[in-house]
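Undergrad: First the structure, then my questions, so here it is.
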Amino acid sequence: MAEIVEANSKMKQRSLFSRVNGRKIREYLTGYLFIAPAVTLIFIFGIFPVGFALYVSLHKWRLKQGAFIGLKNYVSGIGNLAYLAAFILALLAFVGAYLLVRSQQKQGVTGRQWLHLIPALVQAGAVLALLRWGVILLPEFLGIADKLRKLERTQEVFMRLLGETLWAEQVAAAFFVFISLAAGGLILGWLVRKFIGDKKTFQRQSMFAFAWTSLAVGGILIWFTFKEIAGVYAAALEAGTDPGVWPQVVTIGSGFILIGLAWLFWKSAEKRVGSKVFWWRILAAFVLMVGGWLLIGEIPTILASGDPDLWEGLKVTIYFSMFTVPFQLAISLFLSVLLFQKIWGSNAFRIIYFLPYVTPAVASAAIFRQIFSARETAPANLLLKSLGAEPLRWLFEPKGVFSIIANGMGVDWPAWAAGPSLALTVIILHSVWTYVGYDTVIYLAGLGNISKELIDAAAVDGANKWDTFWYIIFPLLSPTTYFLSLIAIIGTFKAFSTIWIFRDSMALGTTDTFSVTIFIEFFEKLRYGYASALSFVLFAIILILTVANNRIQGSRVFYG
Amino acid sequence: MAKQTKSLLKRNGSAKVVTYVILIIGALISLIPFVWMISTSLKSLGEALGSSFFPSELHFENYVEAWKRARFSEYFINSIIIAAITLTGEVTFSILAAYAFARIKFPGRDFIFGVLLSTMMIPAMVNIIPNFLTVTWLGRIGPLKWINNWPALTVPFMGSVFSIFLLRQFFAQIPDELFDSAQLDGAGHFRFLWQIAVPLSKASIMVIVVLSFIGTWNSLAWPMLVTNTPDWRPISVGLMNFVQEAGQHINLTMAGAFITIVPIVVIYFFTQRQFTESIARSGLKG
């Protein structure tokens with residue numbers, strides 16, 4: 001009797017268990033099903049394009065795919081700096097691999113657990129094989145469209161062509177390599193898990209696989225760059241010229257290393273303030289800094305061999321950033337502090353300030369184009385006239401704004417300090433006008449998070465309004481300021497629509513920011529490969545700006 | 001004591017006046033371009049090129065002419081259709097994905113979400129060239145035309161990381177008890193989502209609808225690439241072409257600008273509270 005009950009309960013347990021398991025699997029499937037449409041679309045139009053753009057940027061690609069030309073697109077953009085960038089990327093990959101392994105070590109990987117490294121190596125191989133399969137498959141896939149042109153476009157024909165493409169000898173071979181490596185990696189991983197009995201197998205093996213992949217990518221990059229430079233030298237030998245790649249790469253590379261060392265010295269000096277060592281370290285940091293700076297000073301000569309349009313675009317973008325962001329932030333901070341008081345109609349003011357931000361950029365730019373038109377009767381010129389000044393040509397004026405002001409007052413002005421062109425100044429005004437409302441709303445939210453007691457306490461202690469603002473409100477707002485400045489700087493680097501509308505050939509390209517330069521290469525000159533390379537340069541600049549902003553401002557942000 | 005208070009009051013009073021003056025000047029600067037646009041759009045061409053600020057007589061026929069001659073009627077309808085298709089797809093897909101990321105447990109969930117979030121850093125200029133190639137390719141292999149047709153203008157924007165992120169935050173805030181009791185009543189994820197989670201987060205879905213509508217309405221670079229005939233040209237591209245081609249007729253271009261702005265401003269006024277709040281919140285968190 002007792003046995004039957006036991007068996008019965010066992011069976012019950014079992015069926016319950018399988019039911020739970022089935023439910024779990026159904027839950028998983030529901031999850032995957034729910035995210036499938038969005039994730040598929042984001043993959044096709046958001047993630048895959050990054051790899052595709054990289055692929056395009058390594059080819060001669062004018063409307064149609066041409067030959068593989070390696071880093072040439074990058075070199076014609078930023079000169080020999082491209083090689084240096086590749087080396088730095090490789091170094092970063094090595095450092096990343098090292099950091100991953102060390103983080104695992106810190107999390108207590110010891111003794112036999114290091115065996116995870118072996119299956120991870122095979123798994124990393126599988127990842128790389130998958131990538132290789134993708135790279136081999138991509139041009140074949142693109143070719144389907146050409147093959148289809150002469151044929152009838154039915155589903156059958158397409159499926160047949162798709163099958164042919166997927167099972168083409170090279171493609172299938174690459175796929176087989178991937179499958180066998182993946183299967184091998186999984187089996188090996190399972191065996192190692194059985195052998196050690198580690199509960200964190202999945203996490204450890206994936207981290208190690210990541211580290212191996214990173215290491216391999218770094219190695220491939222170095223090998224690839226090395227081969228590229230060797231090719232350049234071979235070509236130069238034939239032509240009898242010296243491309244000077246190595247000396248430049250070595251000089252500038254060591255310049256960066258010296259600056260990095262200087263930074264390390266500086267950091268270590270901070271810990272020993274007041275001792276003799278402190279001064280020695282500061283001195284060493286200073287010397288290294290100067291040395292590094294001198295070596296990096298080589299950069300302009302390299303850049304001279306790059307694309308002048310690109311450097312002009314970068315200069316315009318920096319002007320745009322430099323003159324837009326501070327004004328925008330200062331004005332909106334000022335307005336938000338005023339609006340934060342108890343004021344009649346504060347909501348109405350907020351709505352009005354925000355209006356330019358929601359207005360379609362095309363429309364507001366069209367309005368500004370007319371207000372700042374070169375006609376003598378345009379509103380901006382009428383305003384100048386009422387102030388007793390000569391009318392200006394605004395958006396058609398490539399001359400720098402400072403030199404225009406100085407010349408207007410009869411002063412000679414040096415060309416290097418001419419500032420942004422008058423045309424760009426109009427765009428800057430439009431940009432400030434547009435974004436002040438947005439920044440104000442976010443500053444208001446930031447002000448709302450500051451506790452009232454703190455401000456009341458300051459008032460009780462006899463602080464006047466200015467002191468309260470400067471010593472309490474402004475520091476407490478630093479996270480908001482940090483966030484807004486980051487968004488604004490990145491925004492100026494991405495800005496396209498408005499500038500495209502303001503753009504006029506009369507301004508002689510003084511309004512073409514980096515993004516616009518890329519778009520022109522792509523849209524008007526149809527140089528897809530080159531434009532893709534430039535877009536990665538833009539990406540790199542945005543990343544560097546984010547990290548630099550993080551380092552410089554991040555340490556000063558006060559999060560309360 | 002009383003004297004002190006009085007002087008303080010007085011100072012506060014004058015400070016208030018200064019505050020108001022500054023705020024009103026700011027508001028005027030924000031509004032004057034719009035006022036100028038409306039007044040110019042009502043002028044005759046001769047007057048529009050002249051120096052008076054207000055029109056001497058109102059030429060409402062400018063709007064009719066812009067609407068017809070500059071094909072704003074077509075562009076306007078194009079933009080509405082494009083926005084409707086994009087929004088339907090985007091909102092549906094985002095709700096589903098956001099719900100899964102917030103409330104369903106499956107292996108690799110946080111990893112996938114992390115990958116999605118990291119794509120927000122990629123500048124649009126990197127994606128624009130390969131996406132153009134992809135869309136061209138899709139149009140050439142499939143039965144559906146993509147370039148100069150609605151798919152190229154809508155499908156790439158139906159998967160939006162930002163919308164998923166925003167909605168996930170709201171879905172994650174729904175108390176677990178609600179879900180547990182719904183499950184006891186026999187409701188699965190799908191029913192819980194449509195009957196409880198979605199009605200609860202109407203406000204945040206509204207925010208996504210408004211933000212995406214504005215984004216679609218304002219987008220320029222991509223529609224410029226994938227439309228080379230007026231058939232599917234959205235209003236932003238139409239206005240830009242009109243400004244560049246008929247730049248002399250500034251009364252008509254300003255009427256066109258007005259037509260472009262109106263839907264956005266109307267939507268903004270109706271939803272401004274949720275709008276500014278959501279921007280303040282998502283801005284600070286994002």
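Ordering of the structure tokens sets the chain letters (A, B, ...), residue numbers begin anew at 1 in every chain, and ligands are numbered from 1 in the order given.
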So that I can check the surroundings of stretch 89-96 of chain A, please list as a list in words every protein, DNA and RNA residue that reaches within 8 Å of it, counting only C-alpha atoms and ignoring chain neighbours fewer than 4 positions away.
TA: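 Here the answer would be Ala85, Leu100, Ala211, Ser214, Leu215, Val217, Gly218, Gly219, Leu221 and Ile222 of chain A.
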Undergrad: Go ahead and save the residues from that selection, with N, CA and C atoms, as a PDB file, in the first residue's frame.
TA:
ATOM      1  N   ALA A  85      45.467  54.173 -36.750  1.00  0.00           N
ATOM      2  CA  ALA A  85      44.178  53.849 -36.125  1.00  0.00           C
ATOM      3  C   ALA A  85      43.984  52.343 -36.095  1.00  0.00           C
ATOM      4  N   LEU A 100      39.313  40.857 -20.007  1.00  0.00           N
ATOM      5  CA  LEU A 100      38.278  39.827 -19.843  1.00  0.00           C
ATOM      6  C   LEU A 100      38.811  38.662 -19.034  1.00  0.00           C
ATOM      7  N   ALA A 211      37.113  36.621 -25.151  1.00  0.00           N
ATOM      8  CA  ALA A 211      38.511  37.022 -25.052  1.00  0.00           C
ATOM      9  C   ALA A 211      39.324  36.473 -26.222  1.00  0.00           C
ATOM     10  N   SER A 214      38.482  38.381 -29.342  1.00  0.00           N
ATOM     11  CA  SER A 214      39.112  39.693 -29.294  1.00  0.00           C
ATOM     12  C   SER A 214      40.593  39.596 -29.673  1.00  0.00           C
ATOM     13  N   LEU A 215      41.243  38.588 -29.091  1.00  0.00           N
ATOM     14  CA  LEU A 215      42.659  38.365 -29.378  1.00  0.00           C
ATOM     15  C   LEU A 215      42.865  38.105 -30.866  1.00  0.00           C
ATOM     16  N   VAL A 217      40.895  38.930 -33.366  1.00  0.00           N
ATOM     17  CA  VAL A 217      40.603  40.128 -34.161  1.00  0.00           C
ATOM     18  C   VAL A 217      41.814  41.067 -34.140  1.00  0.00           C
ATOM     19  N   GLY A 218      42.388  41.237 -32.942  1.00  0.00           N
ATOM     20  CA  GLY A 218      43.581  42.078 -32.832  1.00  0.00           C
ATOM     21  C   GLY A 218      44.699  41.558 -33.719  1.00  0.00           C
ATOM     22  N   GLY A 219      44.922  40.246 -33.650  1.00  0.00           N
ATOM     23  CA  GLY A 219      45.992  39.642 -34.457  1.00  0.00           C
ATOM     24  C   GLY A 219      45.747  39.843 -35.940  1.00  0.00           C
ATOM     25  N   LEU A 221      43.968  42.113 -37.380  1.00  0.00           N
ATOM     26  CA  LEU A 221      44.116  43.535 -37.717  1.00  0.00           C
ATOM     27  C   LEU A 221      45.588  43.889 -37.923  1.00  0.00           C
ATOM     28  N   ILE A 222      46.428  43.431 -36.989  1.00  0.00           N
ATOM     29  CA  ILE A 222      47.854  43.754 -37.094  1.00  0.00           C
ATOM     30  C   ILE A 222      48.440  43.156 -38.371  1.00  0.00           C
TER      31      ILE A 222
END
Undergrad: Should the cut-off be 7 Å, what would the residue list for chain A against chain B look like, counting only C-alpha atoms, as a PDB file with C-alpha atoms, in the first residue's frame?
TA:
ATOM      1  CA  GLU A  27       7.373  30.674 -21.912  1.00  0.00           C
ATOM      2  CA  TYR A  28      10.720  30.855 -23.713  1.00  0.00           C
ATOM      3  CA  GLY A  31       9.364  35.475 -25.370  1.00  0.00           C
ATOM      4  CA  PHE A  34       7.247  38.478 -29.026  1.00  0.00           C
ATOM      5  CA  ILE A  35      10.631  40.014 -29.702  1.00  0.00           C
ATOM      6  CA  PRO A  37       9.597  41.122 -35.405  1.00  0.00           C
ATOM      7  CA  ALA A  38      11.254  44.090 -33.718  1.00  0.00           C
ATOM      8  CA  VAL A  39      14.597  42.361 -33.223  1.00  0.00           C
ATOM      9  CA  LEU A  41      14.032  44.586 -38.164  1.00  0.00           C
ATOM     10  CA  ILE A  42      16.576  46.182 -35.842  1.00  0.00           C
ATOM     11  CA  PHE A  45      18.443  47.902 -40.501  1.00  0.00           C
ATOM     12  CA  GLY A  46      20.465  48.689 -37.378  1.00  0.00           C
ATOM     13  CA  ILE A  47      23.140  46.092 -36.641  1.00  0.00           C
ATOM     14  CA  PRO A  49      24.498  47.698 -41.692  1.00  0.00           C
ATOM     15  CA  VAL A  50      27.496  48.386 -39.463  1.00  0.00           C
ATOM     16  CA  PHE A  52      27.990  45.947 -44.261  1.00  0.00           C
ATOM     17  CA  ALA A  53      29.313  49.518 -44.128  1.00  0.00           C
ATOM     18  CA  LEU A 142      24.013  40.826 -53.654  1.00  0.00           C
ATOM     19  CA  ALA A 145      19.569  40.725 -57.889  1.00  0.00           C
ATOM     20  CA  LEU A 148      17.274  37.916 -61.537  1.00  0.00           C
ATOM     21  CA  ARG A 153      10.648  37.371 -60.998  1.00  0.00           C
ATOM     22  CA  LEU A 338      13.750  82.088 -13.956  1.00  0.00           C
ATOM     23  CA  PHE A 349       6.230  80.090 -21.317  1.00  0.00           C
ATOM     24  CA  ILE A 352       6.245  78.552 -26.196  1.00  0.00           C
ATOM     25  CA  TYR A 353       9.951  77.870 -25.625  1.00  0.00           C
ATOM     26  CA  PRO A 356      10.787  75.590 -32.021  1.00  0.00           C
ATOM     27  CA  THR A 359       8.682  72.393 -35.426  1.00  0.00           C
ATOM     28  CA  PRO A 360       9.826  70.413 -38.478  1.00  0.00           C
ATOM     29  CA  ALA A 361      13.440  71.404 -39.083  1.00  0.00           C
ATOM     30  CA  VAL A 362      12.757  71.788 -42.796  1.00  0.00           C
ATOM     31  CA  ALA A 363      10.049  74.354 -42.150  1.00  0.00           C
ATOM     32  CA  ALA A 366      12.924  77.618 -44.634  1.00  0.00           C
ATOM     33  CA  ILE A 367      11.689  80.490 -42.458  1.00  0.00           C
ATOM     34  CA  THR A 377      14.325  94.094 -47.269  1.00  0.00           C
ATOM     35  CA  TRP A 433      16.854  78.909 -31.251  1.00  0.00           C
ATOM     36  CA  VAL A 441      12.610  71.527 -20.151  1.00  0.00           C
ATOM     37  CA  ILE A 442      15.331  69.121 -19.089  1.00  0.00           C
ATOM     38  CA  ALA A 445      13.273  68.559 -14.533  1.00  0.00           C
ATOM     39  CA  LYS A 494      25.292  64.291 -36.439  1.00  0.00           C
ATOM     40  CA  SER A 497      18.783  68.084 -42.216  1.00  0.00           C
ATOM     41  CA  ILE A 501      18.470  73.151 -46.346  1.00  0.00           C
ATOM     42  CA  SER A 515      27.911  64.716 -41.863  1.00  0.00           C
ATOM     43  CA  TYR A 528      29.856  54.635 -51.627  1.00  0.00           C
ATOM     44  CA  SER A 532      31.370  54.555 -45.772  1.00  0.00           C
ATOM     45  CA  SER A 535      31.215  57.557 -41.778  1.00  0.00           C
ATOM     46  CA  PHE A 536      33.400  55.285 -39.667  1.00  0.00           C
ATOM     47  CA  PHE A 539      31.763  57.228 -35.627  1.00  0.00           C
TER      48      PHE A 539
END
Undergrad: Residues at most 10 Å from A:Phe256, counting only C-alpha atoms, excluding those fewer than 5 positions away in the same chain, as a short mmCIF file (atom, residue, chain, number, x, y, z; two decimals) with C-alpha atoms, in the first residue's frame?
TA:
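The file below, around-v4.cif, is the result:
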data_model
loop_
_atom_site.label_atom_id
_atom_site.label_comp_id
_atom_site.auth_asym_id
_atom_site.auth_seq_id
_atom_site.Cartn_x
_atom_site.Cartn_y
_atom_site.Cartn_z
CA ILE A 88 45.48 51.27 -32.01
CA VAL A 250 56.01 55.04 -35.08
CA THR A 251 56.42 58.72 -34.19
CA LEU A 261 52.35 57.42 -19.54
CA ALA A 262 52.10 61.06 -18.51
CA MET A 289 53.48 65.32 -21.95
CA GLY A 291 57.51 64.98 -25.55
CA GLY A 292 54.31 63.28 -26.55
CA TRP A 293 52.84 66.53 -27.75
CA LEU A 295 55.62 63.79 -31.49
CA ILE A 296 51.89 64.13 -32.07
#
Undergrad: As number ranges by chain, please: every residue in stretch 45-256 of chain B that DSSP puts in helix (DSSP H, G or I).
TA: B: 45-49, 61-69, 72-103, 109-121, 124-141, 150-157, 161-173, 176-184, 189-200, 202-218, 221-226, 230-232, 235-245, 250-256
Undergrad: I need the chosen residues saved as a compact mmCIF listing (two decimals), in the first residue's frame, with C-alpha atoms.
TA:
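Wrote it out as selection26.txt, contents follow:
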# COMPACT_ATOMS: atom_id res chain seq x y z
CA LEU B 45 4.48 88.60 -53.85
CA GLY B 46 5.44 92.26 -54.27
CA GLU B 47 4.64 93.01 -50.68
CA ALA B 48 6.38 89.89 -49.44
CA LEU B 49 9.59 91.13 -51.04
CA GLU B 61 -5.34 82.34 -52.08
CA ASN B 62 -1.59 81.82 -51.49
CA TYR B 63 -2.48 78.74 -49.48
CA VAL B 64 -4.67 77.41 -52.25
CA GLU B 65 -1.91 78.00 -54.77
CA ALA B 66 0.78 76.34 -52.66
CA TRP B 67 -1.54 73.44 -51.92
CA LYS B 68 -2.19 72.90 -55.61
CA ARG B 69 0.75 74.21 -57.60
CA PHE B 72 1.52 70.07 -51.15
CA SER B 73 -1.78 68.21 -51.19
CA GLU B 74 0.01 65.10 -52.51
CA TYR B 75 2.99 65.44 -50.21
CA PHE B 76 0.75 66.00 -47.23
CA ILE B 77 -1.24 62.84 -47.89
CA ASN B 78 1.96 60.90 -48.61
CA SER B 79 3.38 61.92 -45.26
CA ILE B 80 0.18 60.95 -43.46
CA ILE B 81 0.13 57.51 -45.08
CA ILE B 82 3.82 56.96 -44.40
CA ALA B 83 3.40 57.97 -40.77
CA ALA B 84 0.33 55.77 -40.36
CA ILE B 85 2.05 52.66 -41.74
CA THR B 86 5.26 53.29 -39.79
CA LEU B 87 3.41 53.92 -36.55
CA THR B 88 1.18 50.85 -36.84
CA GLY B 89 4.20 48.61 -37.30
CA GLU B 90 6.42 50.36 -34.83
CA VAL B 91 3.87 50.53 -32.01
CA THR B 92 2.75 46.91 -32.41
CA PHE B 93 6.26 45.50 -32.61
CA SER B 94 7.56 47.72 -29.82
CA ILE B 95 4.73 46.77 -27.45
CA LEU B 96 5.34 43.07 -28.05
CA ALA B 97 9.12 43.32 -27.68
CA ALA B 98 9.00 45.67 -24.70
CA TYR B 99 6.58 43.36 -22.91
CA ALA B 100 8.80 40.36 -23.52
CA PHE B 101 11.88 42.20 -22.31
CA ALA B 102 10.06 43.39 -19.20
CA ARG B 103 8.01 40.40 -18.08
CA ARG B 109 17.12 38.18 -22.76
CA ASP B 110 19.40 40.70 -21.07
CA PHE B 111 22.15 40.08 -23.60
CA ILE B 112 19.85 40.79 -26.55
CA PHE B 113 18.48 43.88 -24.83
CA GLY B 114 22.03 45.11 -24.17
CA VAL B 115 22.94 44.64 -27.84
CA LEU B 116 19.83 46.57 -28.87
CA LEU B 117 20.66 49.43 -26.51
CA SER B 118 24.21 49.65 -27.81
CA THR B 119 22.90 50.28 -31.33
CA MET B 120 21.57 53.66 -30.17
CA MET B 121 25.15 54.95 -30.25
CA ALA B 124 22.68 57.39 -38.73
CA MET B 125 25.32 58.28 -41.34
CA VAL B 126 26.99 54.88 -40.84
CA ASN B 127 23.77 53.01 -41.54
CA ILE B 128 22.40 55.11 -44.35
CA ILE B 129 24.60 53.73 -47.17
CA PRO B 130 24.26 50.00 -46.44
CA ASN B 131 20.56 50.44 -45.75
CA PHE B 132 20.14 52.11 -49.11
CA LEU B 133 21.91 49.14 -50.74
CA THR B 134 19.80 46.66 -48.77
CA VAL B 135 16.56 48.38 -49.69
CA THR B 136 17.53 48.53 -53.36
CA TRP B 137 18.41 44.86 -53.27
CA LEU B 138 15.14 43.90 -51.59
CA GLY B 139 13.24 45.80 -54.25
CA ARG B 140 15.09 43.99 -57.00
CA ILE B 141 14.60 40.46 -55.71
CA TRP B 150 6.05 52.81 -49.15
CA PRO B 151 8.18 49.85 -47.96
CA ALA B 152 11.49 51.72 -48.19
CA LEU B 153 9.98 54.68 -46.35
CA THR B 154 8.35 52.74 -43.54
CA VAL B 155 9.72 49.25 -42.89
CA PRO B 156 13.23 50.26 -41.72
CA PHE B 157 11.71 52.41 -38.98
CA VAL B 161 15.10 50.66 -29.90
CA PHE B 162 14.05 53.91 -28.29
CA SER B 163 10.36 52.96 -28.23
CA ILE B 164 11.11 49.51 -26.87
CA PHE B 165 13.30 51.03 -24.18
CA LEU B 166 10.68 53.59 -23.15
CA LEU B 167 7.83 51.06 -23.05
CA ARG B 168 9.88 48.48 -21.20
CA GLN B 169 10.34 50.93 -18.35
CA PHE B 170 6.58 51.28 -18.04
CA PHE B 171 5.78 47.59 -18.35
CA ALA B 172 8.39 46.78 -15.71
CA GLN B 173 6.59 49.06 -13.27
CA ASP B 176 3.61 41.51 -10.24
CA GLU B 177 0.42 40.83 -8.26
CA LEU B 178 -1.64 42.00 -11.18
CA PHE B 179 -0.01 39.49 -13.46
CA ASP B 180 -0.25 36.67 -10.91
CA SER B 181 -3.97 37.21 -10.41
CA ALA B 182 -4.54 37.40 -14.15
CA GLN B 183 -2.65 34.13 -14.52
CA LEU B 184 -4.85 32.51 -11.89
CA HIS B 189 0.87 36.61 -21.67
CA PHE B 190 -0.96 37.68 -24.78
CA ARG B 191 -4.25 38.39 -23.05
CA PHE B 192 -2.58 40.04 -20.11
CA LEU B 193 -0.67 42.29 -22.47
CA TRP B 194 -3.65 43.48 -24.52
CA GLN B 195 -6.25 43.59 -21.78
CA ILE B 196 -4.25 44.90 -18.85
CA ALA B 197 -0.75 46.11 -19.68
CA VAL B 198 -1.60 48.13 -22.77
CA PRO B 199 -4.62 49.96 -21.30
CA LEU B 200 -2.53 50.76 -18.21
CA LYS B 202 -1.86 54.26 -22.72
CA ALA B 203 -0.10 57.48 -21.81
CA SER B 204 3.36 56.17 -22.60
CA ILE B 205 2.17 54.59 -25.84
CA MET B 206 0.74 57.97 -26.75
CA VAL B 207 4.15 59.50 -26.16
CA ILE B 208 5.74 57.02 -28.54
CA VAL B 209 3.07 57.69 -31.15
CA VAL B 210 3.64 61.43 -30.93
CA LEU B 211 7.45 61.24 -30.94
CA SER B 212 7.50 58.82 -33.87
CA PHE B 213 4.98 60.87 -35.78
CA ILE B 214 7.15 63.94 -35.40
CA GLY B 215 10.23 61.94 -36.34
CA THR B 216 8.59 60.57 -39.47
CA TRP B 217 7.13 63.92 -40.44
CA ASN B 218 10.48 65.69 -40.06
CA ALA B 221 17.90 62.47 -45.55
CA TRP B 222 16.42 59.00 -45.94
CA PRO B 223 13.24 60.00 -47.85
CA MET B 224 15.44 62.12 -50.11
CA LEU B 225 17.45 59.01 -50.97
CA VAL B 226 14.65 56.58 -51.58
CA PRO B 230 6.81 62.89 -56.43
CA ASP B 231 4.61 59.78 -56.11
CA TRP B 232 5.70 58.94 -52.59
CA ILE B 235 6.16 66.73 -47.17
CA SER B 236 9.61 67.54 -45.74
CA VAL B 237 11.34 66.65 -49.01
CA GLY B 238 8.56 68.38 -50.94
CA LEU B 239 9.00 71.59 -48.98
CA MET B 240 12.77 71.47 -49.42
CA ASN B 241 12.47 71.05 -53.17
CA PHE B 242 9.89 73.80 -53.31
CA VAL B 243 12.15 76.15 -51.34
CA GLN B 244 15.01 75.45 -53.71
CA GLU B 245 12.99 75.62 -56.91
CA ILE B 250 8.49 83.51 -50.64
CA ASN B 251 4.82 84.07 -49.89
CA LEU B 252 4.13 80.61 -51.32
CA THR B 253 7.06 78.93 -49.58
CA MET B 254 5.95 80.41 -46.28
CA ALA B 255 2.43 79.08 -46.92
CA GLY B 256 4.04 75.69 -47.58
Undergrad: Determine, counting only C-alpha atoms, which protein, DNA and RNA residues have an atom within 12 Å of an atom of A:Asp456; residues of the same chain fewer than 5 positions away are not included. Present the result as number ranges by chain.
TA: A: 450-451, 461-465, 468, 472-473
Undergrad: Go ahead and dump the residues you just picked, N, CA and C atoms, as an mmCIF file, in the first residue's frame.
TA:
data_model
loop_
_atom_site.group_PDB
_atom_site.id
_atom_site.type_symbol
_atom_site.label_atom_id
_atom_site.label_comp_id
_atom_site.auth_asym_id
_atom_site.auth_seq_id
_atom_site.Cartn_x
_atom_site.Cartn_y
_atom_site.Cartn_z
ATOM 1 N N ILE A 450 16.056 68.901 -7.124
ATOM 2 C CA ILE A 450 16.841 69.453 -6.021
ATOM 3 C C ILE A 450 15.912 69.667 -4.829
ATOM 4 N N SER A 451 16.345 69.219 -3.657
ATOM 5 C CA SER A 451 15.423 69.282 -2.520
ATOM 6 C C SER A 451 15.257 70.724 -2.078
ATOM 7 N N ASP A 461 20.681 80.514 6.277
ATOM 8 C CA ASP A 461 22.070 80.854 6.594
ATOM 9 C C ASP A 461 22.477 82.189 6.001
ATOM 10 N N GLY A 462 21.602 82.848 5.321
ATOM 11 C CA GLY A 462 21.889 84.184 4.833
ATOM 12 C C GLY A 462 22.515 84.229 3.453
ATOM 13 N N ALA A 463 22.412 83.134 2.705
ATOM 14 C CA ALA A 463 22.965 83.165 1.347
ATOM 15 C C ALA A 463 22.021 83.974 0.460
ATOM 16 N N ASN A 464 22.583 84.835 -0.392
ATOM 17 C CA ASN A 464 21.706 85.547 -1.320
ATOM 18 C C ASN A 464 21.421 84.655 -2.528
ATOM 19 N N LYS A 465 20.610 85.165 -3.412
ATOM 20 C CA LYS A 465 20.163 84.323 -4.526
ATOM 21 C C LYS A 465 21.332 83.849 -5.385
ATOM 22 N N THR A 468 23.244 81.128 -3.646
ATOM 23 C CA THR A 468 22.476 79.888 -3.690
ATOM 24 C C THR A 468 22.618 79.230 -5.054
ATOM 25 N N ILE A 472 24.995 76.039 -4.745
ATOM 26 C CA ILE A 472 24.110 74.896 -4.488
ATOM 27 C C ILE A 472 23.445 74.398 -5.766
ATOM 28 N N ILE A 473 22.729 75.291 -6.449
ATOM 29 C CA ILE A 473 21.935 74.827 -7.591
ATOM 30 C C ILE A 473 22.829 74.357 -8.732
#
Undergrad: Can you list, as a list in words, every protein, DNA or RNA residue that comes within 10 Å of A:Pro326 when you count only C-alpha atoms, leaving out same-chain residues fewer than 6 positions away?
TA: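 Listed by chain and then number, they are Ser332, Val432, Ser485, Ala488 and Ile489 of chain A.
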Undergrad: If you count only C-alpha atoms, which residues fall within 7 Å of A:Gly313, apart from same-chain ones fewer than 2 positions away, as a PyMOL selection string?
TA: chain A and resi 309-311+315-317+512-514+517
Undergrad: What does the structure give for the distance between atom CA of A:Lys276 and atom CA of A:Val290, in Å to one decimal?
TA: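 Straight-line distance from atom CA of A:Lys276 to atom CA of A:Val290 works out to 21.6 Å.
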